[in-house]
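Below is input24.txt, holding compact mmCIF, N, CA, C and O atoms.
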```txt
# COMPACT_ATOMS: atom_id res chain seq x y z
N MET A 1 -9.97 -1.15 3.18
CA MET A 1 -8.90 -1.65 3.99
C MET A 1 -9.45 -2.26 5.26
O MET A 1 -10.53 -1.88 5.71
N ALA A 2 -8.69 -3.12 5.85
CA ALA A 2 -9.10 -3.82 7.06
C ALA A 2 -9.04 -2.91 8.27
O ALA A 2 -8.22 -2.00 8.35
N VAL A 3 -9.92 -3.17 9.22
CA VAL A 3 -9.91 -2.46 10.49
C VAL A 3 -9.73 -3.51 11.58
O VAL A 3 -10.44 -4.51 11.61
N THR A 4 -8.77 -3.29 12.46
CA THR A 4 -8.48 -4.25 13.51
C THR A 4 -7.91 -3.53 14.72
O THR A 4 -7.24 -2.51 14.56
N PRO A 5 -8.17 -4.03 15.92
CA PRO A 5 -7.54 -3.43 17.10
C PRO A 5 -6.09 -3.86 17.28
O PRO A 5 -5.37 -3.31 18.10
N ASP A 6 -5.65 -4.83 16.48
CA ASP A 6 -4.28 -5.33 16.58
C ASP A 6 -3.29 -4.33 16.00
O ASP A 6 -3.63 -3.46 15.21
N ARG A 7 -2.04 -4.48 16.40
CA ARG A 7 -0.96 -3.63 15.90
C ARG A 7 -0.73 -3.91 14.42
O ARG A 7 -0.69 -5.07 14.00
N MET A 8 -0.58 -2.84 13.64
CA MET A 8 -0.32 -2.97 12.21
C MET A 8 0.95 -2.21 11.88
O MET A 8 1.22 -1.15 12.44
N LEU A 9 1.74 -2.76 10.96
CA LEU A 9 2.98 -2.13 10.53
C LEU A 9 2.81 -1.66 9.09
O LEU A 9 2.50 -2.46 8.21
N TYR A 10 2.98 -0.35 8.86
CA TYR A 10 2.93 0.23 7.52
C TYR A 10 4.36 0.54 7.11
O TYR A 10 5.08 1.21 7.85
N ARG A 11 4.74 0.11 5.92
CA ARG A 11 6.12 0.36 5.46
C ARG A 11 6.09 0.83 4.02
O ARG A 11 5.51 0.18 3.15
N CYS A 12 6.70 1.98 3.75
CA CYS A 12 6.80 2.50 2.38
C CYS A 12 7.89 1.70 1.67
O CYS A 12 9.03 1.62 2.14
N VAL A 13 7.53 1.10 0.52
CA VAL A 13 8.48 0.26 -0.19
C VAL A 13 8.83 0.80 -1.58
O VAL A 13 9.73 0.29 -2.23
N GLU A 14 8.08 1.82 -2.02
CA GLU A 14 8.35 2.35 -3.37
C GLU A 14 7.72 3.73 -3.50
O GLU A 14 6.65 3.99 -2.96
N LYS A 15 8.40 4.62 -4.22
CA LYS A 15 7.85 5.94 -4.55
C LYS A 15 7.98 6.13 -6.04
O LYS A 15 8.92 5.65 -6.66
N GLY A 16 7.00 6.81 -6.63
CA GLY A 16 7.06 7.04 -8.06
C GLY A 16 5.78 7.70 -8.55
O GLY A 16 5.00 8.24 -7.76
N LEU A 17 5.57 7.62 -9.85
CA LEU A 17 4.35 8.16 -10.45
C LEU A 17 3.34 7.04 -10.61
O LEU A 17 3.69 5.92 -10.97
N PHE A 18 2.08 7.37 -10.36
CA PHE A 18 0.99 6.41 -10.47
C PHE A 18 -0.01 6.97 -11.48
O PHE A 18 -0.43 8.12 -11.38
N SER A 19 -0.37 6.18 -12.47
CA SER A 19 -1.30 6.62 -13.51
C SER A 19 -2.72 6.66 -12.98
O SER A 19 -3.19 5.68 -12.39
N THR A 20 -3.40 7.79 -13.18
CA THR A 20 -4.81 7.93 -12.81
C THR A 20 -5.57 8.46 -14.02
O THR A 20 -4.95 8.92 -14.99
N PRO A 21 -6.90 8.43 -14.00
CA PRO A 21 -7.67 8.99 -15.12
C PRO A 21 -7.37 10.48 -15.35
O PRO A 21 -7.53 10.98 -16.46
N SER A 22 -6.92 11.19 -14.32
CA SER A 22 -6.59 12.61 -14.44
C SER A 22 -5.13 12.85 -14.79
O SER A 22 -4.68 13.99 -14.84
N GLY A 23 -4.39 11.77 -15.02
CA GLY A 23 -2.97 11.87 -15.33
C GLY A 23 -2.13 11.32 -14.20
O GLY A 23 -2.63 10.96 -13.14
N PRO A 24 -0.82 11.25 -14.40
CA PRO A 24 0.07 10.69 -13.37
C PRO A 24 0.17 11.60 -12.15
O PRO A 24 0.14 12.82 -12.28
N VAL A 25 0.26 10.98 -10.97
CA VAL A 25 0.44 11.72 -9.72
C VAL A 25 1.59 11.09 -8.94
O VAL A 25 1.88 9.90 -9.08
N LYS A 26 2.26 11.90 -8.11
CA LYS A 26 3.29 11.37 -7.22
C LYS A 26 2.61 10.50 -6.18
O LYS A 26 1.60 10.90 -5.59
N ALA A 27 3.15 9.32 -5.95
CA ALA A 27 2.53 8.38 -5.02
C ALA A 27 3.59 7.49 -4.38
O ALA A 27 4.74 7.47 -4.80
N ALA A 28 3.16 6.78 -3.36
CA ALA A 28 4.02 5.83 -2.66
C ALA A 28 3.25 4.53 -2.48
O ALA A 28 2.03 4.53 -2.32
N ARG A 29 3.99 3.41 -2.54
CA ARG A 29 3.38 2.10 -2.30
C ARG A 29 3.76 1.65 -0.90
O ARG A 29 4.93 1.69 -0.52
N TYR A 30 2.77 1.25 -0.14
CA TYR A 30 2.97 0.80 1.24
C TYR A 30 2.59 -0.67 1.36
O TYR A 30 1.66 -1.12 0.71
N VAL A 31 3.32 -1.37 2.22
CA VAL A 31 2.99 -2.75 2.56
C VAL A 31 2.52 -2.73 4.01
O VAL A 31 3.16 -2.12 4.87
N VAL A 32 1.39 -3.37 4.27
CA VAL A 32 0.82 -3.42 5.61
C VAL A 32 0.86 -4.86 6.10
O VAL A 32 0.44 -5.78 5.40
N SER A 33 1.39 -5.05 7.29
CA SER A 33 1.43 -6.38 7.89
C SER A 33 1.03 -6.28 9.36
O SER A 33 0.98 -5.19 9.92
N MET A 34 0.73 -7.43 9.93
CA MET A 34 0.33 -7.49 11.34
C MET A 34 1.30 -8.41 12.07
O MET A 34 1.15 -9.62 12.03
N PRO A 35 2.34 -7.81 12.71
CA PRO A 35 3.31 -8.62 13.43
C PRO A 35 2.62 -9.53 14.44
O PRO A 35 1.62 -9.11 15.03
N PRO A 36 3.08 -10.73 14.60
CA PRO A 36 4.34 -11.30 14.12
C PRO A 36 4.24 -11.90 12.73
O PRO A 36 5.20 -12.50 12.25
N HIS A 37 3.12 -11.75 12.03
CA HIS A 37 2.98 -12.29 10.67
C HIS A 37 3.80 -11.45 9.70
O HIS A 37 3.94 -10.24 9.87
N GLY A 38 4.32 -12.08 8.67
CA GLY A 38 5.15 -11.40 7.70
C GLY A 38 4.35 -10.62 6.67
O GLY A 38 3.12 -10.70 6.61
N GLU A 39 5.06 -9.88 5.85
CA GLU A 39 4.43 -9.06 4.82
C GLU A 39 3.71 -9.91 3.78
O GLU A 39 2.78 -9.43 3.13
N ASP A 40 4.12 -11.16 3.61
CA ASP A 40 3.47 -12.02 2.62
C ASP A 40 2.02 -12.33 3.00
O ASP A 40 1.23 -12.74 2.16
N GLU A 41 1.64 -12.09 4.26
CA GLU A 41 0.26 -12.29 4.70
C GLU A 41 -0.50 -10.98 4.78
O GLU A 41 -1.66 -10.95 5.17
N GLY A 42 0.14 -9.89 4.43
CA GLY A 42 -0.49 -8.58 4.50
C GLY A 42 -1.07 -8.14 3.18
O GLY A 42 -1.44 -8.96 2.33
N TYR A 43 -1.14 -6.84 2.99
CA TYR A 43 -1.61 -6.29 1.73
C TYR A 43 -0.81 -5.04 1.41
O TYR A 43 -0.01 -4.57 2.22
N THR A 44 -1.01 -4.51 0.24
CA THR A 44 -0.27 -3.34 -0.20
C THR A 44 -1.23 -2.34 -0.84
O THR A 44 -2.31 -2.71 -1.28
N PHE A 45 -0.84 -1.08 -0.82
CA PHE A 45 -1.67 -0.06 -1.47
C PHE A 45 -0.80 1.10 -1.94
O PHE A 45 0.28 1.33 -1.43
N TRP A 46 -1.31 1.79 -2.95
CA TRP A 46 -0.71 3.02 -3.45
C TRP A 46 -1.51 4.19 -2.90
O TRP A 46 -2.74 4.17 -2.91
N ALA A 47 -0.82 5.22 -2.40
CA ALA A 47 -1.48 6.43 -1.89
C ALA A 47 -0.76 7.65 -2.46
O ALA A 47 0.46 7.64 -2.64
N ASP A 48 -1.54 8.71 -2.71
CA ASP A 48 -0.93 9.94 -3.20
C ASP A 48 -0.30 10.71 -2.04
O ASP A 48 -0.32 10.25 -0.89
N GLU A 49 0.24 11.89 -2.32
CA GLU A 49 0.95 12.66 -1.30
C GLU A 49 0.05 13.12 -0.16
O GLU A 49 0.52 13.43 0.92
N ASP A 50 -1.27 13.16 -0.40
CA ASP A 50 -2.23 13.56 0.63
C ASP A 50 -2.75 12.36 1.43
O ASP A 50 -3.58 12.51 2.31
N GLY A 51 -2.29 11.16 1.08
CA GLY A 51 -2.73 9.95 1.78
C GLY A 51 -3.98 9.32 1.20
O GLY A 51 -4.48 8.34 1.74
N PHE A 52 -4.48 9.84 0.09
CA PHE A 52 -5.65 9.27 -0.57
C PHE A 52 -5.24 7.95 -1.24
O PHE A 52 -4.31 7.92 -2.03
N VAL A 53 -5.94 6.87 -0.90
CA VAL A 53 -5.61 5.55 -1.45
C VAL A 53 -6.05 5.50 -2.91
O VAL A 53 -7.22 5.71 -3.24
N LEU A 54 -5.11 5.22 -3.80
CA LEU A 54 -5.38 5.16 -5.23
C LEU A 54 -5.74 3.75 -5.69
O LEU A 54 -6.57 3.57 -6.58
N GLU A 55 -5.11 2.75 -5.07
CA GLU A 55 -5.37 1.36 -5.43
C GLU A 55 -4.81 0.48 -4.32
O GLU A 55 -3.80 0.79 -3.73
N SER A 56 -5.51 -0.63 -4.04
CA SER A 56 -5.02 -1.54 -3.01
C SER A 56 -5.09 -2.97 -3.51
O SER A 56 -5.85 -3.29 -4.43
N TYR A 57 -4.28 -3.83 -2.90
CA TYR A 57 -4.18 -5.23 -3.29
C TYR A 57 -4.25 -6.08 -2.03
O TYR A 57 -3.67 -5.73 -1.01
N GLU A 58 -4.93 -7.20 -2.12
CA GLU A 58 -5.06 -8.10 -0.98
C GLU A 58 -3.76 -8.85 -0.72
O GLU A 58 -3.52 -9.29 0.38
N ASP A 59 -2.93 -9.01 -1.72
CA ASP A 59 -1.70 -9.78 -1.61
C ASP A 59 -0.53 -8.84 -1.80
O ASP A 59 -0.42 -8.18 -2.84
N SER A 60 0.35 -8.73 -0.83
CA SER A 60 1.46 -7.77 -0.92
C SER A 60 2.42 -8.10 -2.05
O SER A 60 3.21 -7.25 -2.45
N ILE A 61 2.39 -9.32 -2.56
CA ILE A 61 3.27 -9.67 -3.67
C ILE A 61 2.78 -9.01 -4.97
O ILE A 61 3.56 -8.65 -5.82
N CYS A 62 1.47 -8.79 -5.08
CA CYS A 62 0.90 -8.14 -6.26
C CYS A 62 1.08 -6.64 -6.09
O CYS A 62 0.47 -6.04 -5.24
N HIS A 63 1.93 -6.03 -6.90
CA HIS A 63 2.19 -4.61 -6.72
C HIS A 63 2.25 -3.86 -8.05
O HIS A 63 3.03 -2.95 -8.23
N GLY A 64 1.41 -4.26 -8.98
CA GLY A 64 1.38 -3.60 -10.27
C GLY A 64 0.89 -2.16 -10.13
O GLY A 64 0.35 -1.78 -9.12
N ARG A 65 1.09 -1.41 -11.15
CA ARG A 65 0.67 -0.01 -11.14
C ARG A 65 -0.62 0.16 -11.92
O ARG A 65 -0.92 -0.58 -12.82
N GLY A 66 -1.38 1.20 -11.52
CA GLY A 66 -2.68 1.48 -12.15
C GLY A 66 -2.56 2.07 -13.50
O GLY A 66 -1.55 2.30 -14.05
```
Please express what this file holds, its structure, as structure tokens.
Amino acid sequence: MAVTPDRMLYRCVEKGLFSTPSGPVKAARYVVSMPPHGEDEGYTFWADEDGFVLESYEDSICHGRG
């Protein structure tokens, strides 16, 4: 994931099960953007309940499941 001193907005947009090699886990999909830029210029990622990133995408429009 990107590191920046600028303000970043994290928004949960979906919750559900995410397939992993160890089986499905409860997870949430987040969209990250940097205001004033919109979410279409940000990225998205799936994280489990502990905050461990399961999969990330450079384009927030791409939000397929693992």
Fill in: Who sits within 4.5 Å of region 48-55 of chain A, all atoms listed in the file, same chain under 2 positions skipped, as a ChimeraX atom specification
/A:26-27,45-46
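Nearest residue to Leu9 (chain A), choosing from A:Ser33, A:Ser22, A:Thr44, A:Ser56 and counting only C-alpha atoms: A:Ser33.
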Discussion item. I'd like to know which residues of chain A are strand (DSSP E) (by DSSP, run on the backbone); could you write them as a ChimeraX atom specification?
Written reply: /A:9-18,25-33,43-48,53-57
Nearby residues (all atoms listed in the file) at most 6 Å from Met8 (chain A), same-chain spacing under 2 positions excluded, as a compact mmCIF listing (two decimals) with N, CA, C and O atoms, in the coordinates of the input:
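Contents of the output file result_14.txt:
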```txt
# COMPACT_ATOMS: atom_id res chain seq x y z
N ASP A 6 -5.65 -4.83 16.48
CA ASP A 6 -4.28 -5.33 16.58
C ASP A 6 -3.29 -4.33 16.00
O ASP A 6 -3.63 -3.46 15.21
N TYR A 10 2.98 -0.35 8.86
CA TYR A 10 2.93 0.23 7.52
C TYR A 10 4.36 0.54 7.11
O TYR A 10 5.08 1.21 7.85
N SER A 33 1.39 -5.05 7.29
CA SER A 33 1.43 -6.38 7.89
C SER A 33 1.03 -6.28 9.36
O SER A 33 0.98 -5.19 9.92
N MET A 34 0.73 -7.43 9.93
CA MET A 34 0.33 -7.49 11.34
C MET A 34 1.30 -8.41 12.07
O MET A 34 1.15 -9.62 12.03
N PRO A 35 2.34 -7.81 12.71
CA PRO A 35 3.31 -8.62 13.43
C PRO A 35 2.62 -9.53 14.44
O PRO A 35 1.62 -9.11 15.03
```
Discussion item. Using Å and a single decimal, report how far CA of Glu39 (chain A) sits from CA of Val25 (chain A).
Written reply: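 Between CA of Val25 (chain A) and CA of Glu39 (chain A) the gap works out to 25.7 Å.
Note that the spacing between atom O of Ala47 (chain A) and atom O of Val31 (chain A) amounts to 12.6 Å.
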Worksheet item: Between A:Tyr30, A:Phe18, A:Glu58, A:Val13, which one has atoms that come closest to Tyr43 (chain A), using only C-alpha atoms?
Response: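 The closest residue to Tyr43 (chain A) is A:Glu58.
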Worksheet entry | Atomic distance CA of Arg29 (chain A) - CA of Gly16 (chain A), expressed in Å with one decimal |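 Taking CA of Arg29 (chain A) and CA of Gly16 (chain A), their separation equals 8.4 Å.
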Please, could all heavy atoms be added to region 23-34 of chain A and the result written as a compact mmCIF listing (two decimals), in the frame of the given file?
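Result file follows (rebuild.txt):
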```
# COMPACT_ATOMS: atom_id res chain seq x y z
N GLY A 23 -4.39 11.77 -15.02
CA GLY A 23 -2.97 11.87 -15.33
C GLY A 23 -2.13 11.32 -14.20
O GLY A 23 -2.63 10.96 -13.14
N PRO A 24 -0.82 11.25 -14.40
CA PRO A 24 0.07 10.69 -13.37
C PRO A 24 0.17 11.60 -12.15
O PRO A 24 0.14 12.82 -12.28
CB PRO A 24 1.42 10.57 -14.08
CG PRO A 24 1.34 11.47 -15.26
CD PRO A 24 -0.10 11.63 -15.62
N VAL A 25 0.26 10.98 -10.97
CA VAL A 25 0.44 11.72 -9.72
C VAL A 25 1.59 11.09 -8.94
O VAL A 25 1.88 9.90 -9.08
CB VAL A 25 -0.83 11.72 -8.84
CG1 VAL A 25 -1.98 12.43 -9.54
CG2 VAL A 25 -1.24 10.31 -8.47
N LYS A 26 2.26 11.90 -8.11
CA LYS A 26 3.29 11.37 -7.22
C LYS A 26 2.61 10.50 -6.18
O LYS A 26 1.60 10.90 -5.59
CB LYS A 26 4.05 12.50 -6.53
CG LYS A 26 4.95 13.27 -7.45
CD LYS A 26 5.72 14.32 -6.68
CE LYS A 26 6.59 15.14 -7.59
NZ LYS A 26 7.31 16.19 -6.84
N ALA A 27 3.15 9.32 -5.95
CA ALA A 27 2.53 8.38 -5.02
C ALA A 27 3.59 7.49 -4.38
O ALA A 27 4.74 7.47 -4.80
CB ALA A 27 1.50 7.52 -5.75
N ALA A 28 3.16 6.78 -3.36
CA ALA A 28 4.02 5.83 -2.66
C ALA A 28 3.25 4.53 -2.48
O ALA A 28 2.03 4.53 -2.32
CB ALA A 28 4.45 6.38 -1.31
N ARG A 29 3.99 3.41 -2.54
CA ARG A 29 3.38 2.10 -2.30
C ARG A 29 3.76 1.65 -0.90
O ARG A 29 4.93 1.69 -0.52
CB ARG A 29 3.84 1.07 -3.33
CG ARG A 29 3.14 -0.28 -3.16
CD ARG A 29 3.43 -1.21 -4.30
NE ARG A 29 4.81 -1.61 -4.40
CZ ARG A 29 5.35 -2.66 -3.77
NH1 ARG A 29 4.61 -3.42 -2.99
NH2 ARG A 29 6.62 -2.93 -3.93
N TYR A 30 2.77 1.25 -0.14
CA TYR A 30 2.97 0.80 1.24
C TYR A 30 2.59 -0.67 1.36
O TYR A 30 1.66 -1.12 0.71
CB TYR A 30 2.09 1.60 2.21
CG TYR A 30 2.42 3.07 2.24
CD1 TYR A 30 1.83 3.96 1.35
CD2 TYR A 30 3.34 3.57 3.16
CE1 TYR A 30 2.14 5.31 1.38
CE2 TYR A 30 3.66 4.91 3.19
CZ TYR A 30 3.05 5.77 2.30
OH TYR A 30 3.36 7.11 2.33
N VAL A 31 3.32 -1.37 2.22
CA VAL A 31 2.99 -2.75 2.56
C VAL A 31 2.52 -2.73 4.01
O VAL A 31 3.16 -2.12 4.87
CB VAL A 31 4.20 -3.69 2.39
CG1 VAL A 31 3.88 -5.08 2.89
CG2 VAL A 31 4.63 -3.73 0.94
N VAL A 32 1.39 -3.37 4.27
CA VAL A 32 0.82 -3.42 5.61
C VAL A 32 0.86 -4.86 6.10
O VAL A 32 0.44 -5.78 5.40
CB VAL A 32 -0.64 -2.92 5.61
CG1 VAL A 32 -1.22 -2.96 7.01
CG2 VAL A 32 -0.73 -1.53 5.01
N SER A 33 1.39 -5.05 7.29
CA SER A 33 1.43 -6.38 7.89
C SER A 33 1.03 -6.28 9.36
O SER A 33 0.98 -5.19 9.92
CB SER A 33 2.82 -7.00 7.76
OG SER A 33 3.79 -6.20 8.41
N MET A 34 0.73 -7.43 9.93
CA MET A 34 0.33 -7.49 11.34
C MET A 34 1.30 -8.41 12.07
O MET A 34 1.15 -9.62 12.03
CB MET A 34 -1.10 -8.00 11.45
CG MET A 34 -2.11 -7.04 10.85
SD MET A 34 -3.79 -7.64 10.83
CE MET A 34 -4.07 -7.96 12.55
```
